[in-house]
$ cat final-v3.cif   # mmCIF, C-alpha atoms, pLDDT in the B column; chains and numbers go by the auth columns
data_input
loop_
_atom_site.group_PDB
_atom_site.id
_atom_site.type_symbol
_atom_site.label_atom_id
_atom_site.label_comp_id
_atom_site.label_asym_id
_atom_site.label_seq_id
_atom_site.Cartn_x
_atom_site.Cartn_y
_atom_site.Cartn_z
_atom_site.B_iso_or_equiv
_atom_site.auth_seq_id
_atom_site.auth_asym_id
ATOM 1 C CA ASN A 1 -101.462 -13.003 125.373 64.00 1 A
ATOM 2 C CA ALA A 2 -100.559 -15.521 122.643 75.00 2 A
ATOM 3 C CA GLY A 3 -98.015 -17.545 124.668 92.00 3 A
ATOM 4 C CA VAL A 4 -95.599 -19.303 122.318 96.00 4 A
ATOM 5 C CA THR A 5 -96.200 -18.950 118.598 96.00 5 A
ATOM 6 C CA GLN A 6 -94.474 -20.815 115.766 97.00 6 A
ATOM 7 C CA THR A 7 -94.395 -20.305 112.030 96.00 7 A
ATOM 8 C CA PRO A 8 -94.954 -21.992 109.694 97.00 8 A
ATOM 9 C CA LYS A 9 -97.395 -24.696 110.828 96.00 9 A
ATOM 10 C CA PHE A 10 -96.556 -26.992 107.927 96.00 10 A
ATOM 11 C CA GLN A 11 -93.688 -27.096 105.456 96.00 11 A
ATOM 12 C CA VAL A 12 -92.549 -29.415 102.689 97.00 12 A
ATOM 13 C CA LEU A 13 -88.934 -29.146 101.589 96.00 13 A
ATOM 14 C CA LYS A 14 -86.791 -30.917 99.054 97.00 14 A
ATOM 15 C CA THR A 15 -83.495 -32.417 100.143 97.00 15 A
ATOM 16 C CA GLY A 16 -80.816 -29.731 100.235 97.00 16 A
ATOM 17 C CA GLN A 17 -83.181 -26.788 100.632 97.00 17 A
ATOM 18 C CA SER A 18 -82.837 -24.457 103.576 96.00 18 A
ATOM 19 C CA MET A 19 -85.434 -22.895 105.821 96.00 19 A
ATOM 20 C CA THR A 20 -85.867 -21.100 109.117 97.00 20 A
ATOM 21 C CA LEU A 21 -88.468 -21.987 111.711 97.00 21 A
ATOM 22 C CA GLN A 22 -89.609 -18.997 113.700 97.00 22 A
ATOM 23 C CA CYS A 23 -90.625 -18.929 117.349 97.00 23 A
ATOM 24 C CA ALA A 24 -91.755 -16.053 119.544 97.00 24 A
ATOM 25 C CA GLN A 25 -93.027 -15.815 123.126 96.00 25 A
ATOM 26 C CA ASP A 26 -94.766 -12.932 124.865 94.00 26 A
ATOM 27 C CA MET A 27 -94.347 -14.148 128.464 92.00 27 A
ATOM 28 C CA ASN A 28 -91.028 -12.391 129.075 92.00 28 A
ATOM 29 C CA HIS A 29 -89.304 -15.725 129.676 91.00 29 A
ATOM 30 C CA ASN A 30 -85.532 -15.930 129.702 89.00 30 A
ATOM 31 C CA SER A 31 -85.183 -19.521 128.495 90.00 31 A
ATOM 32 C CA MET A 32 -86.250 -20.868 125.133 93.00 32 A
ATOM 33 C CA TYR A 33 -85.900 -24.323 123.561 94.00 33 A
ATOM 34 C CA TRP A 34 -86.203 -26.187 120.299 96.00 34 A
ATOM 35 C CA TYR A 35 -87.283 -29.836 120.307 96.00 35 A
ATOM 36 C CA ARG A 36 -88.094 -32.375 117.663 97.00 36 A
ATOM 37 C CA GLN A 37 -90.589 -35.172 118.154 96.00 37 A
ATOM 38 C CA ASP A 38 -90.465 -38.381 116.164 93.00 38 A
ATOM 39 C CA PRO A 39 -92.647 -41.495 116.541 84.00 39 A
ATOM 40 C CA GLY A 40 -91.180 -43.842 119.129 77.00 40 A
ATOM 41 C CA MET A 41 -88.389 -41.397 119.982 79.00 41 A
ATOM 42 C CA GLY A 42 -90.126 -38.893 122.220 84.00 42 A
ATOM 43 C CA LEU A 43 -89.133 -35.246 122.412 91.00 43 A
ATOM 44 C CA ARG A 44 -85.437 -34.551 121.889 92.00 44 A
ATOM 45 C CA LEU A 45 -83.771 -31.245 122.678 91.00 45 A
ATOM 46 C CA ILE A 46 -82.000 -29.691 119.682 94.00 46 A
ATOM 47 C CA TYR A 47 -80.797 -26.363 121.105 94.00 47 A
ATOM 48 C CA TYR A 48 -81.690 -24.118 123.966 91.00 48 A
ATOM 49 C CA SER A 49 -81.066 -20.551 125.023 92.00 49 A
ATOM 50 C CA ALA A 50 -80.879 -19.851 128.736 87.00 50 A
ATOM 51 C CA SER A 51 -80.994 -16.101 128.163 87.00 51 A
ATOM 52 C CA GLU A 52 -80.815 -13.498 125.433 89.00 52 A
ATOM 53 C CA GLY A 53 -77.462 -13.708 123.675 88.00 53 A
ATOM 54 C CA THR A 54 -76.643 -17.287 124.685 91.00 54 A
ATOM 55 C CA THR A 55 -77.310 -20.594 122.960 94.00 55 A
ATOM 56 C CA ASP A 56 -76.229 -24.155 123.768 90.00 56 A
ATOM 57 C CA LYS A 57 -76.452 -27.514 122.081 90.00 57 A
ATOM 58 C CA GLY A 58 -78.911 -30.095 123.236 88.00 58 A
ATOM 59 C CA GLU A 59 -79.095 -33.798 122.500 85.00 59 A
ATOM 60 C CA VAL A 60 -79.401 -33.659 118.677 92.00 60 A
ATOM 61 C CA PRO A 61 -77.882 -30.392 117.318 95.00 61 A
ATOM 62 C CA ASN A 62 -76.276 -31.706 114.119 95.00 62 A
ATOM 63 C CA GLY A 63 -77.737 -30.172 110.960 96.00 63 A
ATOM 64 C CA TYR A 64 -79.287 -27.216 112.796 97.00 64 A
ATOM 65 C CA ASN A 65 -78.342 -23.698 113.787 97.00 65 A
ATOM 66 C CA VAL A 66 -80.164 -21.282 116.049 97.00 66 A
ATOM 67 C CA SER A 67 -80.364 -17.568 116.681 96.00 67 A
ATOM 68 C CA ARG A 68 -81.691 -15.866 119.801 95.00 68 A
ATOM 69 C CA LEU A 69 -82.627 -12.648 118.066 87.00 69 A
ATOM 70 C CA ASN A 70 -83.892 -10.949 121.214 94.00 70 A
ATOM 71 C CA LYS A 71 -85.644 -11.995 124.401 94.00 71 A
ATOM 72 C CA ARG A 72 -88.845 -12.815 122.513 96.00 72 A
ATOM 73 C CA GLU A 73 -87.579 -14.669 119.459 97.00 73 A
ATOM 74 C CA PHE A 74 -85.611 -17.885 118.934 97.00 74 A
ATOM 75 C CA SER A 75 -85.231 -19.236 115.409 97.00 75 A
ATOM 76 C CA LEU A 76 -84.093 -22.634 114.154 98.00 76 A
ATOM 77 C CA ARG A 77 -82.396 -22.943 110.792 97.00 77 A
ATOM 78 C CA LEU A 78 -81.902 -25.985 108.601 96.00 78 A
ATOM 79 C CA GLU A 79 -79.116 -25.120 106.178 93.00 79 A
ATOM 80 C CA SER A 80 -79.417 -28.199 103.957 96.00 80 A
ATOM 81 C CA ALA A 81 -82.475 -30.255 104.782 96.00 81 A
ATOM 82 C CA ALA A 82 -82.279 -34.033 104.824 97.00 82 A
ATOM 83 C CA PRO A 83 -85.094 -36.623 104.937 96.00 83 A
ATOM 84 C CA SER A 84 -83.911 -37.551 108.456 96.00 84 A
ATOM 85 C CA GLN A 85 -85.036 -34.095 109.562 97.00 85 A
ATOM 86 C CA THR A 86 -88.662 -34.903 108.787 97.00 86 A
ATOM 87 C CA SER A 87 -90.300 -34.374 112.154 97.00 87 A
ATOM 88 C CA VAL A 88 -92.549 -32.214 114.263 97.00 88 A
ATOM 89 C CA TYR A 89 -90.636 -29.304 115.747 98.00 89 A
ATOM 90 C CA PHE A 90 -91.709 -27.683 118.988 97.00 90 A
ATOM 91 C CA CYS A 91 -90.474 -24.451 120.460 97.00 91 A
ATOM 92 C CA ALA A 92 -90.857 -23.878 124.191 95.00 92 A
ATOM 93 C CA SER A 93 -90.100 -21.188 126.727 93.00 93 A
ATOM 94 C CA SER A 94 -89.746 -21.253 130.486 88.00 94 A
ATOM 95 C CA GLU A 95 -88.954 -19.245 133.563 80.00 95 A
ATOM 96 C CA VAL A 96 -87.326 -20.742 136.631 71.00 96 A
ATOM 97 C CA LEU A 97 -89.055 -19.113 139.586 64.00 97 A
ATOM 98 C CA TYR A 98 -87.261 -20.648 142.563 62.00 98 A
ATOM 99 C CA ARG A 99 -85.759 -23.957 143.641 57.00 99 A
ATOM 100 C CA SER A 100 -86.132 -25.572 140.245 57.00 100 A
ATOM 101 C CA GLN A 101 -89.805 -24.651 139.994 66.00 101 A
ATOM 102 C CA GLU A 102 -90.195 -24.327 136.296 72.00 102 A
ATOM 103 C CA THR A 103 -92.927 -24.472 133.734 77.00 103 A
ATOM 104 C CA GLN A 104 -92.197 -25.002 130.077 84.00 104 A
ATOM 105 C CA TYR A 105 -94.805 -23.674 127.678 91.00 105 A
ATOM 106 C CA PHE A 106 -94.839 -25.258 124.240 95.00 106 A
ATOM 107 C CA GLY A 107 -95.817 -23.738 120.928 96.00 107 A
ATOM 108 C CA PRO A 108 -98.261 -25.500 118.582 96.00 108 A
ATOM 109 C CA GLY A 109 -95.489 -27.133 116.552 96.00 109 A
ATOM 110 C CA THR A 110 -94.247 -27.095 112.968 97.00 110 A
ATOM 111 C CA ARG A 111 -94.719 -30.216 110.878 96.00 111 A
ATOM 112 C CA LEU A 112 -91.834 -30.560 108.453 97.00 112 A
ATOM 113 C CA LEU A 113 -91.585 -33.059 105.622 96.00 113 A
ATOM 114 C CA VAL A 114 -88.314 -33.354 103.719 96.00 114 A
ATOM 115 C CA LEU A 115 -88.575 -35.222 100.437 96.00 115 A
ATOM 116 C CA GLN B 1 -80.569 -48.385 128.557 60.00 116 B
ATOM 117 C CA LYS B 2 -82.661 -45.345 127.721 68.00 117 B
ATOM 118 C CA GLU B 3 -82.154 -42.389 130.023 88.00 118 B
ATOM 119 C CA VAL B 4 -85.876 -42.025 130.710 92.00 119 B
ATOM 120 C CA GLU B 5 -88.074 -45.082 130.296 93.00 120 B
ATOM 121 C CA GLN B 6 -91.828 -45.357 130.141 94.00 121 B
ATOM 122 C CA ASN B 7 -94.123 -48.172 129.155 90.00 122 B
ATOM 123 C CA SER B 8 -95.657 -47.122 125.832 88.00 123 B
ATOM 124 C CA GLY B 9 -99.046 -48.650 126.684 87.00 124 B
ATOM 125 C CA PRO B 10 -101.818 -48.266 125.922 94.00 125 B
ATOM 126 C CA LEU B 11 -102.902 -48.298 129.535 95.00 126 B
ATOM 127 C CA SER B 12 -106.662 -48.770 129.640 96.00 127 B
ATOM 128 C CA VAL B 13 -108.637 -47.908 132.765 96.00 128 B
ATOM 129 C CA PRO B 14 -112.397 -47.578 133.316 97.00 129 B
ATOM 130 C CA GLU B 15 -113.896 -44.165 133.984 97.00 130 B
ATOM 131 C CA GLY B 16 -113.643 -43.252 137.669 97.00 131 B
ATOM 132 C CA ALA B 17 -110.666 -45.530 138.335 97.00 132 B
ATOM 133 C CA ILE B 18 -107.133 -44.551 139.315 97.00 133 B
ATOM 134 C CA ALA B 19 -104.612 -44.491 136.468 97.00 134 B
ATOM 135 C CA SER B 20 -101.010 -45.119 137.478 97.00 135 B
ATOM 136 C CA LEU B 21 -98.237 -44.045 135.120 97.00 136 B
ATOM 137 C CA ASN B 22 -94.625 -44.903 135.795 96.00 137 B
ATOM 138 C CA CYS B 23 -91.242 -43.599 134.717 96.00 138 B
ATOM 139 C CA THR B 24 -87.667 -44.593 135.556 96.00 139 B
ATOM 140 C CA TYR B 25 -84.538 -42.567 134.881 94.00 140 B
ATOM 141 C CA SER B 26 -80.851 -43.378 134.801 91.00 141 B
ATOM 142 C CA ASP B 27 -79.075 -40.104 135.726 87.00 142 B
ATOM 143 C CA ARG B 28 -78.712 -39.900 139.521 87.00 143 B
ATOM 144 C CA GLY B 29 -77.836 -36.218 139.139 84.00 144 B
ATOM 145 C CA SER B 30 -81.326 -35.403 137.870 87.00 145 B
ATOM 146 C CA GLN B 31 -82.856 -32.526 139.723 85.00 146 B
ATOM 147 C CA SER B 32 -86.387 -31.912 138.505 89.00 147 B
ATOM 148 C CA PHE B 33 -89.057 -34.192 137.160 93.00 148 B
ATOM 149 C CA PHE B 34 -92.028 -33.284 135.020 93.00 149 B
ATOM 150 C CA TRP B 35 -95.196 -34.867 133.723 96.00 150 B
ATOM 151 C CA TYR B 36 -96.713 -33.551 130.508 95.00 151 B
ATOM 152 C CA ARG B 37 -99.975 -34.464 128.831 96.00 152 B
ATOM 153 C CA GLN B 38 -100.107 -34.497 125.039 95.00 153 B
ATOM 154 C CA TYR B 39 -103.285 -34.940 123.073 95.00 154 B
ATOM 155 C CA SER B 40 -102.945 -36.376 119.579 91.00 155 B
ATOM 156 C CA GLY B 41 -101.692 -33.733 117.163 90.00 156 B
ATOM 157 C CA LYS B 42 -101.230 -31.155 119.923 93.00 157 B
ATOM 158 C CA SER B 43 -98.298 -29.791 121.875 94.00 158 B
ATOM 159 C CA PRO B 44 -97.291 -31.041 125.349 94.00 159 B
ATOM 160 C CA GLU B 45 -98.873 -29.362 128.341 93.00 160 B
ATOM 161 C CA LEU B 46 -97.289 -29.423 131.793 90.00 161 B
ATOM 162 C CA ILE B 47 -99.372 -31.175 134.455 92.00 162 B
ATOM 163 C CA MET B 48 -96.993 -31.555 137.375 90.00 163 B
ATOM 164 C CA PHE B 49 -93.392 -31.054 138.365 89.00 164 B
ATOM 165 C CA ILE B 50 -91.650 -32.452 141.422 92.00 165 B
ATOM 166 C CA TYR B 51 -88.126 -32.150 142.783 88.00 166 B
ATOM 167 C CA SER B 52 -88.299 -33.574 146.331 88.00 167 B
ATOM 168 C CA ASN B 53 -88.785 -37.168 147.392 93.00 168 B
ATOM 169 C CA GLY B 54 -92.346 -37.984 148.308 94.00 169 B
ATOM 170 C CA ASP B 55 -95.744 -37.058 146.971 95.00 170 B
ATOM 171 C CA LYS B 56 -97.067 -33.867 145.476 94.00 171 B
ATOM 172 C CA GLU B 57 -100.778 -33.462 144.913 95.00 172 B
ATOM 173 C CA ASP B 58 -102.635 -31.085 142.616 93.00 173 B
ATOM 174 C CA GLY B 59 -106.336 -31.741 142.230 96.00 174 B
ATOM 175 C CA ARG B 60 -106.850 -35.214 140.788 97.00 175 B
ATOM 176 C CA PHE B 61 -103.146 -35.604 140.037 97.00 176 B
ATOM 177 C CA THR B 62 -100.428 -36.882 142.376 97.00 177 B
ATOM 178 C CA ALA B 63 -96.774 -37.083 141.422 96.00 178 B
ATOM 179 C CA GLN B 64 -94.537 -39.418 143.402 97.00 179 B
ATOM 180 C CA LEU B 65 -90.744 -39.284 143.415 96.00 180 B
ATOM 181 C CA ASN B 66 -88.296 -41.829 144.800 95.00 181 B
ATOM 182 C CA LYS B 67 -84.756 -40.720 144.020 93.00 182 B
ATOM 183 C CA ALA B 68 -83.158 -43.770 145.635 93.00 183 B
ATOM 184 C CA SER B 69 -85.047 -46.022 143.233 94.00 184 B
ATOM 185 C CA GLN B 70 -84.822 -43.469 140.402 95.00 185 B
ATOM 186 C CA TYR B 71 -88.534 -43.696 139.911 95.00 186 B
ATOM 187 C CA VAL B 72 -91.254 -41.120 139.356 97.00 187 B
ATOM 188 C CA SER B 73 -94.937 -41.816 138.913 97.00 188 B
ATOM 189 C CA LEU B 74 -98.171 -39.998 138.179 97.00 189 B
ATOM 190 C CA LEU B 75 -101.502 -41.033 139.653 97.00 190 B
ATOM 191 C CA ILE B 76 -104.723 -39.758 138.149 97.00 191 B
ATOM 192 C CA ARG B 77 -107.705 -40.218 140.427 97.00 192 B
ATOM 193 C CA ASP B 78 -111.300 -40.391 139.181 97.00 193 B
ATOM 194 C CA SER B 79 -110.073 -40.816 135.605 97.00 194 B
ATOM 195 C CA GLN B 80 -112.222 -39.206 132.925 97.00 195 B
ATOM 196 C CA PRO B 81 -112.438 -39.915 129.179 96.00 196 B
ATOM 197 C CA SER B 82 -110.937 -36.442 128.676 96.00 197 B
ATOM 198 C CA ASP B 83 -107.776 -37.726 130.396 97.00 198 B
ATOM 199 C CA SER B 84 -107.161 -40.011 127.411 97.00 199 B
ATOM 200 C CA ALA B 85 -103.852 -38.781 126.005 96.00 200 B
ATOM 201 C CA THR B 86 -100.162 -39.579 125.941 96.00 201 B
ATOM 202 C CA TYR B 87 -98.327 -38.743 129.151 97.00 202 B
ATOM 203 C CA LEU B 88 -94.686 -37.752 128.859 96.00 203 B
ATOM 204 C CA CYS B 89 -92.211 -37.989 131.697 96.00 204 B
ATOM 205 C CA ALA B 90 -89.290 -35.532 131.538 93.00 205 B
ATOM 206 C CA VAL B 91 -86.168 -35.227 133.629 91.00 206 B
ATOM 207 C CA LYS B 92 -83.960 -32.185 133.985 87.00 207 B
ATOM 208 C CA SER B 93 -80.359 -32.247 135.098 79.00 208 B
ATOM 209 C CA ILE B 94 -77.523 -29.747 135.051 75.00 209 B
ATOM 210 C CA THR B 95 -73.995 -30.918 134.313 69.00 210 B
ATOM 211 C CA SER B 96 -71.123 -28.410 134.201 67.00 211 B
ATOM 212 C CA GLY B 97 -73.612 -25.610 133.865 67.00 212 B
ATOM 213 C CA THR B 98 -75.345 -27.241 130.901 67.00 213 B
ATOM 214 C CA TYR B 99 -79.022 -28.083 131.059 69.00 214 B
ATOM 215 C CA LYS B 100 -80.156 -31.469 129.920 73.00 215 B
ATOM 216 C CA TYR B 101 -83.815 -32.202 129.432 81.00 216 B
ATOM 217 C CA ILE B 102 -84.614 -35.798 128.579 87.00 217 B
ATOM 218 C CA PHE B 103 -88.124 -36.918 127.722 91.00 218 B
ATOM 219 C CA GLY B 104 -89.488 -40.412 127.794 93.00 219 B
ATOM 220 C CA THR B 105 -91.358 -41.722 124.786 93.00 220 B
ATOM 221 C CA GLY B 106 -94.667 -41.454 126.625 94.00 221 B
ATOM 222 C CA THR B 107 -97.430 -43.716 127.877 96.00 222 B
ATOM 223 C CA ARG B 108 -100.725 -43.694 126.039 96.00 223 B
ATOM 224 C CA LEU B 109 -103.672 -43.665 128.449 97.00 224 B
ATOM 225 C CA LYS B 110 -107.181 -44.681 127.432 97.00 225 B
ATOM 226 C CA VAL B 111 -110.008 -44.008 129.843 97.00 226 B
ATOM 227 C CA LEU B 112 -113.016 -46.117 128.914 95.00 227 B
ATOM 228 C CA ALA B 113 -116.479 -44.589 129.429 92.00 228 B
#

$ encode --input "final-v3.cif" --output "structure tokens"
Amino acid sequence: NAGVTQTPKFQVLKTGQSMTLQCAQDMNHNSMYWYRQDPGMGLRLIYYSASEGTTDKGEVPNGYNVSRLNKREFSLRLESAAPSQTSVYFCASSEVLYRSQETQYFGPGTRLLVL
Amino acid sequence: QKEVEQNSGPLSVPEGAIASLNCTYSDRGSQSFFWYRQYSGKSPELIMFIYSNGDKEDGRFTAQLNKASQYVSLLIRDSQPSDSATYLCAVKSITSGTYKYIFGTGTRLKVLA
């Protein structure tokens, strides 16, 4: 049981390049999330998917697109990377059991540097 | 005003003492409140969640919620050096069917042996 996995672990891009960050979970969770974490800014929600086939914008969606490929996989795409997108990206998944009881499980993160 | 505010610290406490971490939030419609622990270079790990006013205890950890004061805290009893980490407060609210998760910037805790 791997939990939440993310690939790649590290990536260096040049400005204007594109890439897709992959995320998969094996816990049969309905909800999945993409966050970015920057020094002094905390975790900020980029996009989330409450269930397979649905996606919604979070706090900082500009410059990103997502795909909920199936229940397991949720990818994040940068179409034209910018230095401002240098960050650590975390994927998470969760299941709401009852009355707001919820546990988010985070992946190990992807460290992205855009030059 | 930030939506979720935490003192960045570091908060230094001696081993065996009680560490008290505080968080305030601005959205009165917030429904659920979470405390995560994050070691340097690692991903966040959920420690506690709380959604009702009052205290919730789990082992050495106690979460306290006061919705009237828009305040949530985490107490760590018998602090250990292994508790040294950054503690993130997170608040979840739902507006017009849209989830909003807001994290604070975290409080760095140092437990001194």

$ interface_residues --input "final-v3.cif" --of "chain A" --to "chain B" --cutoff "6 Å" --atoms "only C-alpha atoms" --output "number ranges by chain"
A: 41-43, 108

$ residues_around --input "final-v3.cif" --residues "Ser127 (chain B)" --least-positions-apart "2" --cutoff "7 Å" --atoms "all atoms listed in the file" --output "list of chain:residue names"
B:Pro125, B:Pro129, B:Leu224, B:Lys225, B:Val226, B:Leu227

$ resolve_selection --input "final-v3.cif" --expression "the PyMOL selection byres ((chain A and resi 105) around 10)" --output "PyMOL selection string"
(chain A and resi 3-4+25+27+29+32-33+91-95+102-104+106-108) or (chain B and resi 158-161)

$ atom_distance --input "final-v3.cif" --atom1 "CA of Ala228 (chain B)" --atom2 "CA of Leu180 (chain B)"
29.8 Å

$ atom_distance --input "final-v3.cif" --atom1 "CA of Val12 (chain A)" --atom2 "CA of Ala81 (chain A)"
10.3 Å

$ closest_residue --input "final-v3.cif" --among "A:Gln17, A:Thr110, A:Thr54, A:Arg44" --to "Val206 (chain B)" --atoms "only C-alpha atoms"
A:Arg44

$ resolve_selection --input "final-v3.cif" --expression "the PyMOL selection byres ((chain A and resi 46-50) around 7)" --output "PyMOL selection string"
chain A and resi 30-36+44-45+51+54-61

$ write_last_selection --input "final-v3.cif" --atoms "C-alpha atoms" --output "PDB file, in the coordinates of the input"
ATOM      1  CA  ASN A  30     -85.532 -15.930 129.702  1.00 89.00           C
ATOM      2  CA  SER A  31     -85.183 -19.521 128.495  1.00 90.00           C
ATOM      3  CA  MET A  32     -86.250 -20.868 125.133  1.00 93.00           C
ATOM      4  CA  TYR A  33     -85.900 -24.323 123.561  1.00 94.00           C
ATOM      5  CA  TRP A  34     -86.203 -26.187 120.299  1.00 96.00           C
ATOM      6  CA  TYR A  35     -87.283 -29.836 120.307  1.00 96.00           C
ATOM      7  CA  ARG A  36     -88.094 -32.375 117.663  1.00 97.00           C
ATOM      8  CA  ARG A  44     -85.437 -34.551 121.889  1.00 92.00           C
ATOM      9  CA  LEU A  45     -83.771 -31.245 122.678  1.00 91.00           C
ATOM     10  CA  SER A  51     -80.994 -16.101 128.163  1.00 87.00           C
ATOM     11  CA  THR A  54     -76.643 -17.287 124.685  1.00 91.00           C
ATOM     12  CA  THR A  55     -77.310 -20.594 122.960  1.00 94.00           C
ATOM     13  CA  ASP A  56     -76.229 -24.155 123.768  1.00 90.00           C
ATOM     14  CA  LYS A  57     -76.452 -27.514 122.081  1.00 90.00           C
ATOM     15  CA  GLY A  58     -78.911 -30.095 123.236  1.00 88.00           C
ATOM     16  CA  GLU A  59     -79.095 -33.798 122.500  1.00 85.00           C
ATOM     17  CA  VAL A  60     -79.401 -33.659 118.677  1.00 92.00           C
ATOM     18  CA  PRO A  61     -77.882 -30.392 117.318  1.00 95.00           C
TER      19      PRO A  61
END

$ atom_distance --input "final-v3.cif" --atom1 "CA of Thr20 (chain A)" --atom2 "CA of Pro83 (chain A)"
16.1 Å

$ resolve_selection --input "final-v3.cif" --expression "the PyMOL selection byres ((chain A and resi 16) around 7)" --output "ChimeraX atom specification"
/A:14-15,17-18,80-82

$ build_atoms --input "final-v3.cif" --residues "region 180-197 of chain B" --atoms "N, CA and C atoms" --output "PDB file, keeping the file's coordinate frame"
ATOM      1  N   LEU B 180     -92.149 -39.210 143.780  1.00 96.00           N
ATOM      2  CA  LEU B 180     -90.744 -39.284 143.415  1.00 96.00           C
ATOM      3  C   LEU B 180     -89.976 -40.098 144.437  1.00 96.00           C
ATOM      4  N   ASN B 181     -89.185 -41.038 143.950  1.00 95.00           N
ATOM      5  CA  ASN B 181     -88.296 -41.829 144.800  1.00 95.00           C
ATOM      6  C   ASN B 181     -86.915 -41.792 144.156  1.00 95.00           C
ATOM      7  N   LYS B 182     -86.071 -40.902 144.641  1.00 93.00           N
ATOM      8  CA  LYS B 182     -84.756 -40.720 144.020  1.00 93.00           C
ATOM      9  C   LYS B 182     -83.851 -41.921 144.253  1.00 93.00           C
ATOM     10  N   ALA B 183     -83.999 -42.604 145.364  1.00 93.00           N
ATOM     11  CA  ALA B 183     -83.158 -43.770 145.635  1.00 93.00           C
ATOM     12  C   ALA B 183     -83.416 -44.867 144.601  1.00 93.00           C
ATOM     13  N   SER B 184     -84.674 -45.021 144.227  1.00 94.00           N
ATOM     14  CA  SER B 184     -85.047 -46.022 143.233  1.00 94.00           C
ATOM     15  C   SER B 184     -85.066 -45.455 141.826  1.00 94.00           C
ATOM     16  N   GLN B 185     -84.833 -44.151 141.693  1.00 95.00           N
ATOM     17  CA  GLN B 185     -84.822 -43.469 140.402  1.00 95.00           C
ATOM     18  C   GLN B 185     -86.131 -43.720 139.658  1.00 95.00           C
ATOM     19  N   TYR B 186     -87.178 -43.354 140.342  1.00 95.00           N
ATOM     20  CA  TYR B 186     -88.534 -43.696 139.911  1.00 95.00           C
ATOM     21  C   TYR B 186     -89.447 -42.509 140.169  1.00 95.00           C
ATOM     22  N   VAL B 187     -90.260 -42.179 139.172  1.00 97.00           N
ATOM     23  CA  VAL B 187     -91.254 -41.120 139.356  1.00 97.00           C
ATOM     24  C   VAL B 187     -92.558 -41.623 138.749  1.00 97.00           C
ATOM     25  N   SER B 188     -93.655 -41.328 139.411  1.00 97.00           N
ATOM     26  CA  SER B 188     -94.937 -41.816 138.913  1.00 97.00           C
ATOM     27  C   SER B 188     -95.975 -40.703 138.952  1.00 97.00           C
ATOM     28  N   LEU B 189     -97.042 -40.922 138.209  1.00 97.00           N
ATOM     29  CA  LEU B 189     -98.171 -39.998 138.179  1.00 97.00           C
ATOM     30  C   LEU B 189     -99.442 -40.805 138.401  1.00 97.00           C
ATOM     31  N   LEU B 190    -100.210 -40.414 139.409  1.00 97.00           N
ATOM     32  CA  LEU B 190    -101.502 -41.033 139.653  1.00 97.00           C
ATOM     33  C   LEU B 190    -102.596 -40.057 139.244  1.00 97.00           C
ATOM     34  N   ILE B 191    -103.567 -40.569 138.526  1.00 97.00           N
ATOM     35  CA  ILE B 191    -104.723 -39.758 138.149  1.00 97.00           C
ATOM     36  C   ILE B 191    -105.939 -40.403 138.793  1.00 97.00           C
ATOM     37  N   ARG B 192    -106.521 -39.691 139.752  1.00 97.00           N
ATOM     38  CA  ARG B 192    -107.705 -40.218 140.427  1.00 97.00           C
ATOM     39  C   ARG B 192    -108.955 -39.860 139.646  1.00 97.00           C
ATOM     40  N   ASP B 193    -110.020 -40.663 139.833  1.00 97.00           N
ATOM     41  CA  ASP B 193    -111.300 -40.391 139.181  1.00 97.00           C
ATOM     42  C   ASP B 193    -111.088 -40.097 137.688  1.00 97.00           C
ATOM     43  N   SER B 194    -110.417 -41.012 137.014  1.00 97.00           N
ATOM     44  CA  SER B 194    -110.073 -40.816 135.605  1.00 97.00           C
ATOM     45  C   SER B 194    -111.306 -40.534 134.757  1.00 97.00           C
ATOM     46  N   GLN B 195    -111.140 -39.599 133.829  1.00 97.00           N
ATOM     47  CA  GLN B 195    -112.222 -39.206 132.925  1.00 97.00           C
ATOM     48  C   GLN B 195    -111.812 -39.498 131.480  1.00 97.00           C
ATOM     49  N   PRO B 196    -112.787 -39.704 130.602  1.00 96.00           N
ATOM     50  CA  PRO B 196    -112.438 -39.915 129.179  1.00 96.00           C
ATOM     51  C   PRO B 196    -111.568 -38.787 128.622  1.00 96.00           C
ATOM     52  N   SER B 197    -111.741 -37.577 129.145  1.00 96.00           N
ATOM     53  CA  SER B 197    -110.937 -36.442 128.676  1.00 96.00           C
ATOM     54  C   SER B 197    -109.467 -36.557 129.105  1.00 96.00           C
TER      55      SER B 197
END
